[in-house]
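Below is the file model19.txt, which contains compact mmCIF, C-alpha atoms.
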# COMPACT_ATOMS: atom_id res chain seq x y z
CA MET E 1 0.00 0.00 0.00
CA ARG E 2 1.33 3.43 -0.94
CA GLN E 3 1.99 5.66 2.06
CA ILE E 4 1.43 9.42 1.79
CA THR E 5 3.96 11.55 3.63
CA VAL E 6 3.00 14.77 5.33
CA THR E 7 5.10 16.70 2.79
CA GLU E 8 3.21 15.15 -0.13
CA HIS E 9 -0.06 15.95 1.61
CA LEU E 10 0.96 19.56 2.15
CA LEU E 11 1.97 19.95 -1.49
CA VAL E 12 -1.33 18.52 -2.77
CA HIS E 13 -3.31 20.90 -0.55
CA GLN E 14 -1.05 23.77 -1.57
CA LYS E 15 -2.07 23.26 -5.19
CA ALA E 16 -5.75 23.10 -4.22
CA SER E 17 -5.73 26.34 -2.23
CA SER E 18 -5.18 29.80 -3.68
CA MET E 19 -4.06 30.95 -0.20
CA ALA E 20 -1.33 28.34 0.16
CA THR E 21 2.24 29.12 -0.84
CA GLY E 22 5.46 27.20 -1.12
CA ARG E 23 6.85 29.30 1.74
CA PHE E 24 4.03 28.21 4.00
CA THR E 25 4.63 24.55 3.15
CA ARG E 26 8.34 24.93 3.90
CA LEU E 27 7.48 26.64 7.19
CA LEU E 28 5.42 23.64 8.25
CA ASN E 29 8.25 21.34 7.19
CA GLU E 30 10.65 23.22 9.48
CA LEU E 31 8.14 22.87 12.31
CA ILE E 32 7.87 19.15 11.61
CA LEU E 33 11.66 18.77 11.79
CA ALA E 34 11.69 20.54 15.17
CA ALA E 35 8.99 18.15 16.41
CA LYS E 36 11.01 15.13 15.25
CA ILE E 37 13.96 16.38 17.30
CA ILE E 38 11.74 16.92 20.35
CA SER E 39 10.25 13.43 19.88
CA ARG E 40 13.74 11.94 19.83
CA GLU E 41 14.66 13.74 23.06
CA VAL E 42 11.40 12.75 24.77
CA ASN E 43 11.93 9.10 23.86
CA LYS E 44 15.34 8.99 25.52
CA ALA E 45 14.49 11.28 28.45
CA GLY E 46 14.89 8.55 31.06
CA LEU E 47 18.36 7.66 29.78
CA VAL E 48 19.88 11.12 30.03
CA ASN E 49 19.62 13.88 32.58
CA ILE E 50 16.63 15.76 31.16
CA LEU E 51 13.90 14.63 33.56
CA GLY E 52 12.75 16.71 36.52
CA ILE E 53 12.64 20.46 37.06
CA THR E 54 15.22 23.13 36.32
CA GLY E 55 14.62 25.00 39.57
CA GLN E 56 13.28 28.01 37.68
CA THR E 57 9.75 29.29 37.09
CA ASN E 58 8.27 30.49 33.80
CA VAL E 59 6.24 33.60 33.05
CA GLN E 60 3.16 31.75 34.33
CA GLY E 61 4.78 31.25 37.75
CA GLU E 62 5.05 27.50 37.16
CA GLU E 63 8.06 25.28 37.73
CA VAL E 64 9.96 24.69 34.49
CA GLN E 65 10.64 21.09 33.53
CA LYS E 66 13.98 20.33 31.89
CA LEU E 67 12.26 18.90 28.83
CA ASP E 68 10.01 21.97 28.67
CA GLU E 69 13.06 24.17 28.47
CA LEU E 70 14.72 21.89 25.92
CA ALA E 71 11.65 21.75 23.66
CA ASN E 72 11.28 25.53 23.84
CA SER E 73 14.90 26.11 22.87
CA ILE E 74 14.70 23.61 19.98
CA LEU E 75 11.64 25.32 18.52
CA ILE E 76 13.08 28.82 18.89
CA TYR E 77 16.47 27.83 17.43
CA ARG E 78 15.05 26.06 14.37
CA MET E 79 12.16 28.41 13.64
CA GLN E 80 14.19 31.62 13.94
CA ARG E 81 16.39 30.31 11.14
CA ALA E 82 13.56 29.03 8.95
CA GLY E 83 13.24 32.29 7.01
CA PHE E 84 9.44 32.34 7.00
CA LEU E 85 8.56 34.00 10.32
CA CYS E 86 8.47 37.60 11.46
CA ALA E 87 7.86 36.73 15.13
CA MET E 88 7.04 33.94 17.57
CA ALA E 89 5.43 33.62 20.97
CA SER E 90 5.81 30.77 23.45
CA GLU E 91 4.05 29.82 26.65
CA GLU E 92 7.47 29.87 28.29
CA ASN E 93 8.46 33.40 27.24
CA ALA E 94 6.98 36.60 28.65
CA ASP E 95 7.20 38.65 25.46
CA ILE E 96 7.20 38.30 21.68
CA ILE E 97 10.22 36.38 20.39
CA GLU E 98 11.77 38.45 17.63
CA ILE E 99 13.56 37.08 14.58
CA PRO E 100 17.15 38.41 14.64
CA SER E 101 17.96 40.74 11.75
CA LYS E 102 20.73 38.42 10.55
CA PHE E 103 18.05 35.88 9.53
CA THR E 104 15.58 36.15 6.65
CA GLN E 105 12.21 37.56 7.69
CA GLY E 106 8.87 36.15 6.60
CA ASP E 107 5.24 37.16 7.02
CA TYR E 108 3.99 34.44 9.37
CA ILE E 109 3.67 34.45 13.17
CA LEU E 110 4.06 31.22 15.13
CA LEU E 111 2.65 30.69 18.62
CA PHE E 112 3.28 27.49 20.54
CA ASP E 113 3.17 25.55 23.77
CA PRO E 114 6.49 23.70 23.46
CA LEU E 115 5.58 20.77 25.70
CA ASP E 116 2.01 20.59 26.94
CA GLY E 117 1.43 18.28 29.90
CA SER E 118 4.98 18.74 31.15
CA THR E 119 4.05 17.77 34.73
CA ASN E 120 3.46 14.26 33.34
CA ILE E 121 6.90 13.98 31.74
CA ASP E 122 8.54 12.09 34.59
CA VAL E 123 5.85 9.38 34.69
CA ASN E 124 5.88 8.62 30.94
CA VAL E 125 2.40 9.95 30.13
CA SER E 126 1.71 11.28 26.63
CA ILE E 127 2.63 14.93 26.15
CA GLY E 128 2.68 17.20 23.12
CA THR E 129 3.52 20.39 21.25
CA ILE E 130 0.63 22.69 20.29
CA PHE E 131 1.06 25.26 17.53
CA SER E 132 -0.84 28.11 15.89
CA ILE E 133 0.10 30.10 12.78
CA PHE E 134 -1.15 33.56 11.79
CA ARG E 135 -0.27 35.78 8.86
CA ARG E 136 0.97 39.21 9.93
CA THR E 137 -1.29 42.18 9.20
CA ARG E 138 1.44 44.66 8.20
CA LYS E 139 3.71 44.38 5.18
CA ASP E 140 7.03 45.08 6.86
CA GLY E 141 8.75 46.76 9.78
CA PRO E 142 8.76 45.65 13.41
CA VAL E 143 6.03 43.30 14.60
CA TYR E 144 3.61 44.93 17.02
CA MET E 145 1.70 43.10 19.73
CA GLU E 146 -1.65 43.74 18.02
CA GLU E 147 -0.41 41.69 15.05
CA VAL E 148 0.14 38.74 17.36
CA LEU E 149 -3.10 39.21 19.30
CA GLN E 150 -5.45 38.16 16.54
CA LYS E 151 -8.71 36.30 16.97
CA GLY E 152 -8.45 32.54 16.61
CA GLU E 153 -10.66 32.58 13.54
CA ASN E 154 -7.78 34.33 11.71
CA GLN E 155 -5.44 31.35 12.05
CA VAL E 156 -4.07 30.00 8.78
CA ALA E 157 -3.02 26.71 10.36
CA ALA E 158 -3.04 24.99 13.75
CA GLY E 159 -2.39 21.61 15.22
CA TYR E 160 -0.30 19.57 17.58
CA PHE E 161 2.28 16.84 17.86
CA ILE E 162 1.63 14.17 20.47
CA TYR E 163 4.47 12.09 21.88
CA GLY E 164 3.03 8.84 23.20
CA SER E 165 3.04 5.17 22.24
CA SER E 166 3.61 6.64 18.80
CA THR E 167 4.38 10.18 17.71
CA MET E 168 1.56 11.81 15.77
CA MET E 169 0.96 15.11 14.03
CA VAL E 170 -2.60 16.41 13.70
CA TYR E 171 -3.14 19.64 11.78
CA THR E 172 -5.55 21.75 9.79
CA THR E 173 -5.17 24.61 7.33
CA GLY E 174 -8.91 25.28 7.32
CA THR E 175 -9.84 22.47 4.95
CA GLY E 176 -10.38 19.52 7.28
CA VAL E 177 -8.22 17.79 9.87
CA HIS E 178 -5.62 15.15 9.09
CA GLY E 179 -3.44 12.95 11.29
CA PHE E 180 0.01 11.54 10.53
CA THR E 181 2.01 8.96 12.46
CA LEU E 182 5.80 9.08 12.59
CA ASP E 183 7.39 5.94 11.17
CA PRO E 184 10.73 5.80 13.02
CA SER E 185 12.18 3.36 10.50
CA VAL E 186 12.09 5.97 7.72
CA GLY E 187 11.83 9.14 9.81
CA GLU E 188 8.68 10.34 8.05
CA PHE E 189 5.19 11.28 9.19
CA LEU E 190 2.79 9.12 7.17
CA LEU E 191 -0.93 9.77 6.70
CA SER E 192 -2.78 7.51 9.14
CA HIS E 193 -5.96 9.45 9.98
CA PRO E 194 -7.31 11.24 6.88
CA ASN E 195 -10.19 13.68 7.22
CA ILE E 196 -10.79 13.26 10.97
CA LYS E 197 -14.39 13.84 12.08
CA ILE E 198 -15.26 14.00 15.76
CA PRO E 199 -18.53 12.24 16.70
CA GLU E 200 -21.41 14.67 17.28
CA GLN E 201 -21.87 13.18 20.74
CA GLY E 202 -19.41 11.23 22.85
CA LYS E 203 -19.49 9.01 25.90
CA VAL E 204 -16.68 10.65 27.86
CA TYR E 205 -16.24 13.80 29.94
CA SER E 206 -12.78 14.97 30.95
CA VAL E 207 -12.35 17.28 33.94
CA ASN E 208 -10.36 17.47 37.17
CA GLU E 209 -13.13 16.86 39.72
CA SER E 210 -10.81 17.45 42.66
CA TYR E 211 -11.48 21.17 42.12
CA TRP E 212 -15.19 20.73 42.89
CA ASP E 213 -15.04 22.92 46.00
CA TYR E 214 -13.53 25.77 43.98
CA TRP E 215 -16.16 25.77 41.22
CA ASP E 216 -19.20 27.99 40.91
CA GLU E 217 -22.72 26.54 40.91
CA PRO E 218 -23.20 26.37 37.10
CA THR E 219 -19.96 24.37 36.78
CA ARG E 220 -21.05 21.90 39.47
CA LYS E 221 -24.44 21.46 37.79
CA CYS E 222 -22.71 20.93 34.45
CA VAL E 223 -20.42 18.19 35.75
CA SER E 224 -23.26 16.58 37.74
CA CYS E 225 -25.28 16.37 34.53
CA PHE E 226 -22.58 14.37 32.75
CA LYS E 227 -22.24 12.06 35.77
CA SER E 228 -25.96 11.34 36.02
CA SER E 229 -28.60 9.79 33.80
CA GLN E 230 -30.32 13.18 33.49
CA ASN E 231 -28.54 14.18 30.30
CA SER E 232 -29.07 13.87 26.56
CA ARG E 233 -27.66 10.32 26.55
CA GLY E 234 -29.96 9.18 29.32
CA LYS E 235 -27.06 7.52 31.14
CA PRO E 236 -23.79 8.61 32.77
CA TYR E 237 -20.77 9.55 30.71
CA SER E 238 -17.47 7.87 31.60
CA LEU E 239 -14.82 10.02 33.29
CA ARG E 240 -11.47 9.98 31.50
CA TYR E 241 -8.92 12.53 32.65
CA ILE E 242 -5.20 12.28 31.91
CA GLY E 243 -4.20 15.76 33.02
CA SER E 244 -2.35 16.44 29.77
CA LEU E 245 -4.54 18.70 27.61
CA VAL E 246 -3.23 17.49 24.29
CA SER E 247 -3.72 13.84 25.31
CA ASP E 248 -7.25 14.32 26.61
CA PHE E 249 -8.12 16.37 23.53
CA HIS E 250 -6.64 13.82 21.12
CA ARG E 251 -8.61 10.94 22.64
CA ASN E 252 -11.86 12.88 22.50
CA LEU E 253 -11.17 14.10 18.94
CA LEU E 254 -10.96 10.51 17.72
CA SER E 255 -13.57 8.89 19.97
CA GLY E 256 -15.91 11.72 20.98
CA GLY E 257 -16.47 13.48 24.27
CA VAL E 258 -15.94 16.81 26.00
CA PHE E 259 -12.92 18.25 27.79
CA MET E 260 -13.62 20.91 30.40
CA TYR E 261 -11.28 23.22 32.25
CA PRO E 262 -13.64 25.75 33.86
CA LYS E 263 -12.60 28.77 35.87
CA ASP E 264 -12.22 28.28 39.62
CA ASN E 265 -11.26 30.29 42.69
CA ARG E 266 -8.17 28.38 43.81
CA ASP E 267 -5.75 31.09 42.74
CA PRO E 268 -6.71 34.79 42.77
CA LYS E 269 -4.24 35.33 39.89
CA LYS E 270 -6.08 32.83 37.66
CA THR E 271 -9.75 33.66 38.17
CA THR E 272 -10.49 33.44 34.44
CA GLY E 273 -9.18 29.88 34.11
CA LYS E 274 -5.82 28.22 33.65
CA LEU E 275 -5.49 27.46 29.95
CA ARG E 276 -3.92 30.01 27.60
CA LEU E 277 -6.05 31.42 24.81
CA MET E 278 -3.30 32.04 22.27
CA CYS E 279 -1.17 28.90 22.43
CA GLU E 280 -3.63 26.28 23.73
CA ALA E 281 -7.33 27.15 23.39
CA ASN E 282 -7.19 28.85 19.97
CA PRO E 283 -5.24 26.19 18.05
CA LEU E 284 -7.19 23.25 19.50
CA SER E 285 -10.48 25.08 18.91
CA TYR E 286 -9.53 25.62 15.26
CA VAL E 287 -8.77 21.91 14.94
CA VAL E 288 -11.95 20.73 16.64
CA GLU E 289 -14.21 23.04 14.61
CA GLN E 290 -12.63 21.82 11.38
CA ALA E 291 -13.41 18.28 12.57
CA GLY E 292 -17.06 19.16 13.20
CA GLY E 293 -16.84 19.87 16.93
CA ALA E 294 -17.15 22.98 19.06
CA ALA E 295 -15.23 25.03 21.62
CA SER E 296 -16.50 27.67 24.05
CA ASP E 297 -15.46 29.55 27.17
CA GLY E 298 -18.94 28.90 28.54
CA GLU E 299 -20.42 32.02 26.99
CA LYS E 300 -18.67 32.65 23.70
CA ARG E 301 -17.10 30.70 20.85
CA ILE E 302 -13.36 30.52 21.58
CA LEU E 303 -12.36 31.58 18.06
CA GLU E 304 -14.37 34.80 18.38
CA ILE E 305 -12.62 36.01 21.55
CA ASP E 306 -10.72 39.24 21.01
CA PRO E 307 -7.40 38.76 22.88
CA HIS E 308 -6.03 41.62 24.97
CA GLU E 309 -2.79 40.10 26.28
CA LEU E 310 -0.29 37.48 25.16
CA HIS E 311 -0.78 35.09 28.08
CA GLN E 312 -4.51 35.58 28.49
CA ARG E 313 -6.28 32.68 30.22
CA VAL E 314 -9.77 31.37 29.46
CA PRO E 315 -12.15 28.63 30.61
CA LEU E 316 -12.40 25.89 27.99
CA PHE E 317 -15.19 23.51 26.99
CA ILE E 318 -14.13 21.64 23.86
CA GLY E 319 -15.04 18.48 21.99
CA SER E 320 -18.14 16.91 20.42
CA ARG E 321 -20.65 19.56 19.39
CA ASP E 322 -23.66 18.15 21.28
CA ASP E 323 -21.63 17.67 24.46
CA VAL E 324 -20.19 21.20 24.36
CA GLU E 325 -23.65 22.65 23.78
CA GLN E 326 -24.96 20.63 26.71
CA ALA E 327 -22.21 22.02 28.95
CA VAL E 328 -22.55 25.62 27.80
CA ALA E 329 -26.30 25.60 28.46
CA PHE E 330 -25.63 25.75 32.19
CA PHE E 331 -23.63 28.95 31.83
CA LYS E 332 -26.35 30.61 29.78
CA GLY E 333 -29.04 29.95 32.37
CA GLN E 334 -30.67 27.28 30.27
CA ASP E 335 -31.70 23.77 31.18
CA ALA E 336 -29.56 21.07 29.57

Encoded form using structure tokens:
Amino acid sequence: MRQITVTEHLLVHQKASSMATGRFTRLLNELILAAKIISREVNKAGLVNILGITGQTNVQGEEVQKLDELANSILIYRMQRAGFLCAMASEENADIIEIPSKFTQGDYILLFDPLDGSTNIDVNVSIGTIFSIFRRTRKDGPVYMEEVLQKGENQVAAGYFIYGSSTMMVYTTGTGVHGFTLDPSVGEFLLSHPNIKIPEQGKVYSVNESYWDYWDEPTRKCVSCFKSSQNSRGKPYSLRYIGSLVSDFHRNLLSGGVFMYPKDNRDPKKTTGKLRLMCEANPLSYVVEQAGGAASDGEKRILEIDPHELHQRVPLFIGSRDDVEQAVAFFKGQDA
């Protein structure tokens, strides 16, 4: 059977889209190479001294894992030199990452979470890299923050790499969602999940219920609905929670279900939620909508949110369309 590589797939879709360019395809190829390097490092993490924490904290005030730092540096090093970007932004960096003047400048902006689920690194749970690509709104000159802070619906591509029992890439350029699995024997991502469609309704809800005491009443009613037989299925959903966003999302994308990370009152600095709009919620929301699903902050479609800061946090309800609508009903004062 003939195997289609991710590069072949990109080139075919480039020909079919008037918006696609050879530069954009080469940009994605550079990103893919960076992910292959990260995958290699993740796979040998237990054999070399790159497990555990660095002793530092990131801009979010969280402890930095050694692999987090390594993945971040790999992405920045490779993508600065790619010649197709004018700026980047990372979950690990406080400000915009500029492209040094000695390198060729492009007209794309890359945002990423270098290693999502990093607290699970040391126990060998699946983790991943989430990415989002925008086209800059000015023709040249320095990149201003407002060019980075675009609504999610303006993304030209988004996706993630997941490092688990196999390494996969899932991405969309606005014309469907496709998944590729890395064949380590040839070093290529091969098409394994063409045209992914999320079921309209799932059987799984994913949420950290240990935060129950910190939730507001609509959130508690929402979760209670999924746990009971008083929902649209007429029977309880199964709880599946890994604690690695990209892993929980990936499972639900393929099998159906809803992932929820509502706001809570545990930390007065994070009253609007924990997940980042620009490098987590936006790219995954773009993917799930292209697969037929939905994503909301409980009141508004994620992709319609107008960002006001680089590390803005939002509540997130994402997954099968019927399940997300059922969840959001509680926050709109409706009966599910």

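Atom pair CA of Gly152 in chain E / CA of Ser192 in chain E has a distance of 26.7 Å (rounded to one decimal).
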
Go through E:Met260, E:Ile305, E:Leu149, E:Ile162 one by one, measure the shortest atom-to-atom distance of each to Ser320 in chain E using only C-alpha atoms, and give the residue with the smallest value. E:Met260

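Distance check against Thr272 in chain E using only C-alpha atoms: of E:Leu316, E:Val207, E:Ile76, E:Leu253, the minimum falls on E:Leu316.
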
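Closest to Ile302 in chain E among E:Ser285, E:Thr104, E:Ser73, E:Gln150 is E:Ser285, based on all atoms listed in the file.
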
One-decimal distance in Å that lies between CA of Ile109 in chain E and CA of Glu299 in chain E: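 Going from CA of Glu299 in chain E over to CA of Ile109 in chain E covers 27.9 Å.
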